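*Asks:* Dropping the structure in here first, questions after.
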Amino acid sequence: MKHATQSLLIRGGRVIDPLARMDAVMDVLLRDGQVAEIAPPNKIRAGAEEKIDAQGLIVAPGFIDLHVHLREPGQGYKETIASGTAAAAVGGFTSVCCMPNTTPVLDSPEWVTWVRQPQRGAVVNVFPIAAATQASKGAVLTDFRALQRTGAVAVTDDGKPVLSETTMRDALRASAEINFPVIQHAEDTRITQNCSMNEGPTSFRLGLRGMNVNSEAAIVDRDVQLAQQFNGARLHIAHLSTAASLTAVRRGKKNRARVTCEVTPHHLALTDADVRDYDTNFKMNPPLRSAEDREALLAAIADGTVDAVATDHAPHAQHEKIIEFERAAFGITGLETALGLVISVLSADHRLPLTRIVELFTSGPARVLDLRGRGTLLRGSHADVTIFDPKKRWTFDASKSRSKSHNTPFDGRQLTGKVVATIVGGKIIYRAV
Ligand code: DOR
Ligand code: ZN
């Protein structure tokens, strides 16, 4: 379904571009990989080789996902860069940032280069995030400068935390020196060992060891304080999931530390009470939390504390999931359901304006990792566009997923809001039939 075009006119859609403060019916002309012109309907004189009628639809900057596990190198049985980015395109994501907990761990410039090579078959933009420490063992920092130079957009040991305070201090010092974000998977693993879900009435009923909420907040709190010690250090909290963590992030932001955070669609849509019968499709890390934590996330989305929605798309094969709950791998897929879940929960149920929802998928994440010329449709920006129908009701069918893995709790779920077309560099790479 790939159309090679040099110019594409998107006509009559409602253009929402939070960065440009635009929310109006407009025509958008893409030419030679850039946004060439935006004007009120029928005002663009230049011709276009291809046209899309977007009447009744939202035309947004291409969505950006800050947290995706594409599993290459080394775990192609779960996902490949080709299959993962195909799923991203269905979900409206024109750019994804991929996580380094691969085999081997992405801790060298050579592997960063490998991920970015065209032979990988990516259909959307891929921005690698490299490991913060060698082999993500938490002891010796990687060469941030060399990784940044080869195209890594941040560092993290995601899957696990940078647990040592000394290592984190050194990482944030280096971050400040070269203006490079450090992403923390905030979990005090000294107190979450052998835990497979959130600690609460449900873990008690199921007889599963539960993770205490403070295992996340303690690390967020510590790191926010560390970030404040180095002027210019950039700290981003991955998949933030508790009320207490939000308190720490708010404090950091108030003290003008460069602290940002992301929240996943599943933590907005579900709680630990949904882990009913040891269904491993509800097992991820951080785990689904209490109803109070979920309410706190919704409030923080509304008041601007949360900078981005990120999926933490974490594909796993059947043999890693269809086993006992405590032995199953942590993680769920998420690229194709993200927009539908966020619109269903935030817009349909909580009346959050669409402009804020678009911001969480576009200018928000672009700002977190400083992705220049993305997350906006300002003239001269990259021609990455997501067109969606915010009212379309549909049912997600996991068996039709483009991902290699189908470990999702949302199979058969009714959603509101669906991607209609995904455009990367001016080319239509996905179009709903
Ligand atoms: O649920 C998760 N899955 N959390 C993580 O931190 C890692 C991820 C994975 O790589 O599968
Ligand atoms: Zn993580």
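The way I read the labels, and the way they are meant: chains A, B, ... in the order of the structure tokens, residue 1 as the first residue of every chain, and ligand 1 as the first ligand shown, with later ones counted on from there.
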Any residue with an atom at most 9 Å from ligand 1 counts, using only C-alpha atoms and all ligand atoms. Which are they? Put them as an MDAnalysis selection string.
*Replies:* chainID A and resid 68:69 71 99:102 158:161 185 238:239 283:287 312:316 329:332
*Asks:* Next, dump the selected residues to file, keeping only N, CA, C and O atoms, as an mmCIF file, in the first residue's frame.
*Replies:*
data_model
loop_
_atom_site.group_PDB
_atom_site.id
_atom_site.type_symbol
_atom_site.label_atom_id
_atom_site.label_comp_id
_atom_site.auth_asym_id
_atom_site.auth_seq_id
_atom_site.Cartn_x
_atom_site.Cartn_y
_atom_site.Cartn_z
ATOM 1 N N VAL A 68 8.860 2.112 22.743
ATOM 2 C CA VAL A 68 8.458 0.939 21.975
ATOM 3 C C VAL A 68 9.581 -0.098 22.022
ATOM 4 O O VAL A 68 10.752 0.236 21.838
ATOM 5 N N HIS A 69 9.212 -1.337 22.267
ATOM 6 C CA HIS A 69 10.203 -2.426 22.224
ATOM 7 C C HIS A 69 10.097 -3.091 20.857
ATOM 8 O O HIS A 69 9.145 -3.837 20.597
ATOM 9 N N ARG A 71 12.489 -5.056 19.637
ATOM 10 C CA ARG A 71 13.082 -6.394 19.854
ATOM 11 C C ARG A 71 14.244 -6.777 18.951
ATOM 12 O O ARG A 71 14.731 -7.921 19.063
ATOM 13 N N MET A 99 13.531 0.810 22.366
ATOM 14 C CA MET A 99 14.217 0.546 23.632
ATOM 15 C C MET A 99 15.404 -0.392 23.452
ATOM 16 O O MET A 99 15.381 -1.289 22.599
ATOM 17 N N PRO A 100 16.435 -0.238 24.290
ATOM 18 C CA PRO A 100 17.698 -0.973 24.099
ATOM 19 C C PRO A 100 17.789 -2.337 24.783
ATOM 20 O O PRO A 100 18.851 -2.944 24.735
ATOM 21 N N ASN A 101 16.698 -2.838 25.386
ATOM 22 C CA ASN A 101 16.827 -4.137 26.073
ATOM 23 C C ASN A 101 16.669 -5.290 25.082
ATOM 24 O O ASN A 101 15.804 -6.138 25.200
ATOM 25 N N THR A 102 17.573 -5.277 24.110
ATOM 26 C CA THR A 102 17.588 -6.266 23.036
ATOM 27 C C THR A 102 18.708 -7.273 23.311
ATOM 28 O O THR A 102 19.318 -7.245 24.381
ATOM 29 N N ASP A 158 15.955 0.661 30.436
ATOM 30 C CA ASP A 158 14.565 0.211 30.572
ATOM 31 C C ASP A 158 14.413 -1.301 30.574
ATOM 32 O O ASP A 158 15.111 -2.030 29.868
ATOM 33 N N GLY A 159 13.437 -1.731 31.343
ATOM 34 C CA GLY A 159 13.275 -3.147 31.667
ATOM 35 C C GLY A 159 13.722 -3.294 33.104
ATOM 36 O O GLY A 159 13.182 -4.073 33.875
ATOM 37 N N LYS A 160 14.720 -2.480 33.435
ATOM 38 C CA LYS A 160 15.142 -2.366 34.835
ATOM 39 C C LYS A 160 15.599 -0.930 35.085
ATOM 40 O O LYS A 160 15.817 -0.166 34.140
ATOM 41 N N PRO A 161 15.756 -0.574 36.340
ATOM 42 C CA PRO A 161 16.158 0.795 36.659
ATOM 43 C C PRO A 161 17.669 0.971 36.647
ATOM 44 O O PRO A 161 18.411 -0.016 36.669
ATOM 45 N N HIS A 185 13.482 3.889 34.205
ATOM 46 C CA HIS A 185 12.441 2.910 34.544
ATOM 47 C C HIS A 185 12.463 2.873 36.073
ATOM 48 O O HIS A 185 13.336 2.241 36.668
ATOM 49 N N ALA A 238 9.852 7.059 32.612
ATOM 50 C CA ALA A 238 9.091 6.181 31.726
ATOM 51 C C ALA A 238 7.853 5.650 32.450
ATOM 52 O O ALA A 238 7.831 5.560 33.683
ATOM 53 N N HIS A 239 6.841 5.329 31.696
ATOM 54 C CA HIS A 239 5.607 4.691 32.184
ATOM 55 C C HIS A 239 5.298 4.960 33.652
ATOM 56 O O HIS A 239 5.173 4.034 34.457
ATOM 57 N N LYS A 283 -0.463 -8.661 32.638
ATOM 58 C CA LYS A 283 0.786 -8.575 33.402
ATOM 59 C C LYS A 283 1.800 -7.717 32.675
ATOM 60 O O LYS A 283 2.207 -8.032 31.550
ATOM 61 N N MET A 284 2.168 -6.624 33.294
ATOM 62 C CA MET A 284 3.206 -5.764 32.735
ATOM 63 C C MET A 284 3.901 -5.042 33.886
ATOM 64 O O MET A 284 3.454 -5.102 35.026
ATOM 65 N N ASN A 285 4.998 -4.376 33.541
ATOM 66 C CA ASN A 285 5.775 -3.686 34.558
ATOM 67 C C ASN A 285 6.067 -2.247 34.099
ATOM 68 O O ASN A 285 6.683 -2.072 33.073
ATOM 69 N N PRO A 286 5.665 -1.197 34.825
ATOM 70 C CA PRO A 286 4.924 -1.264 36.076
ATOM 71 C C PRO A 286 3.555 -1.902 35.899
ATOM 72 O O PRO A 286 2.973 -1.844 34.821
ATOM 73 N N PRO A 287 3.055 -2.492 36.999
ATOM 74 C CA PRO A 287 1.790 -3.228 36.911
ATOM 75 C C PRO A 287 0.595 -2.282 36.888
ATOM 76 O O PRO A 287 0.729 -1.094 37.195
ATOM 77 N N ASP A 312 4.719 1.752 25.598
ATOM 78 C CA ASP A 312 5.479 0.641 26.166
ATOM 79 C C ASP A 312 5.096 -0.671 25.455
ATOM 80 O O ASP A 312 4.978 -1.727 26.091
ATOM 81 N N HIS A 313 4.872 -0.565 24.146
ATOM 82 C CA HIS A 313 4.593 -1.745 23.308
ATOM 83 C C HIS A 313 5.665 -2.804 23.596
ATOM 84 O O HIS A 313 6.832 -2.607 23.292
ATOM 85 N N ALA A 314 5.232 -3.929 24.189
ATOM 86 C CA ALA A 314 6.184 -4.950 24.640
ATOM 87 C C ALA A 314 5.743 -6.331 24.172
ATOM 88 O O ALA A 314 5.137 -7.099 24.923
ATOM 89 N N PRO A 315 6.005 -6.650 22.902
ATOM 90 C CA PRO A 315 5.574 -7.936 22.352
ATOM 91 C C PRO A 315 6.326 -9.122 22.958
ATOM 92 O O PRO A 315 7.524 -9.039 23.208
ATOM 93 N N HIS A 316 5.577 -10.187 23.221
ATOM 94 C CA HIS A 316 6.169 -11.437 23.690
ATOM 95 C C HIS A 316 5.513 -12.602 22.960
ATOM 96 O O HIS A 316 4.326 -12.538 22.618
ATOM 97 N N ALA A 329 6.226 -13.472 31.129
ATOM 98 C CA ALA A 329 6.982 -12.238 30.884
ATOM 99 C C ALA A 329 6.092 -11.028 31.143
ATOM 100 O O ALA A 329 4.875 -11.076 30.955
ATOM 101 N N PHE A 330 6.714 -9.941 31.572
ATOM 102 C CA PHE A 330 6.016 -8.676 31.747
ATOM 103 C C PHE A 330 5.862 -7.992 30.385
ATOM 104 O O PHE A 330 6.795 -7.944 29.602
ATOM 105 N N GLY A 331 4.687 -7.443 30.109
ATOM 106 C CA GLY A 331 4.553 -6.599 28.928
ATOM 107 C C GLY A 331 3.379 -6.953 28.044
ATOM 108 O O GLY A 331 2.951 -8.116 27.982
ATOM 109 N N ILE A 332 2.839 -5.931 27.390
ATOM 110 C CA ILE A 332 1.721 -6.099 26.451
ATOM 111 C C ILE A 332 1.981 -5.259 25.200
ATOM 112 O O ILE A 332 2.705 -4.268 25.253
#
*Asks:* Which polymer residues have any atom within 10 Å of an atom of A:Arg222, counting only C-alpha atoms, with same-chain residues fewer than 3 positions away left out, as a PyMOL selection string?
*Replies:* chain A and resi 165+168+186+217-219+225-227+248
*Asks:* Neighbours of A:Val140 within 12 Å (only C-alpha atoms; same-chain residues fewer than 2 positions away dropped), as a VMD selection string?
*Replies:* chain A and resid 107 131 to 138 142 to 144 157 162 164 166 to 168 170 to 171
*Asks:* Please identify all polymer residues within 7 Å of stretch 260-272 of chain A, counting only C-alpha atoms, omitting same-chain residues fewer than 3 positions from it, and present them as a VMD selection string.
*Replies:* chain A and resid 198 202 235 to 241 275 288 to 291 294 297 to 298 306 to 312 338 341 to 342 345 368
*Asks:* Enumerate, as a list of chain:residue names, the complete set of residues in stretch 89-191 of chain A that a backbone-based DSSP assignment places in strand (DSSP E or B).
*Replies:*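 Here is the list: A:Phe93, A:Thr94, A:Ser95, A:Val96, A:Cys97, A:Cys98, A:Asn125, A:Val126, A:Phe127, A:Pro128, A:Ala130, A:Ala131, A:Thr133, A:Leu141, A:Val155, A:Thr156, A:Val182, A:Ile183, A:Gln184.
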*Asks:* In Å, rounded to a single decimal, give me how far atom CA of A:Leu66 is from atom CA of A:Ser95.
*Replies:* 8.4 Å
*Asks:* Taking into account only C-alpha atoms and all ligand atoms, which residue in the set A:Gln184, A:Thr422, A:Ser175, A:Gln119 is nearest to ligand 2?
*Replies:*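 So, comparing all the options, the nearest one is A:Gln184.
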*Asks:* What is the distance, in Å and to one decimal place, between atom CA of A:Ala154 and atom CA of A:Thr376?
*Replies:*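 These atoms are spaced 20.7 Å apart.
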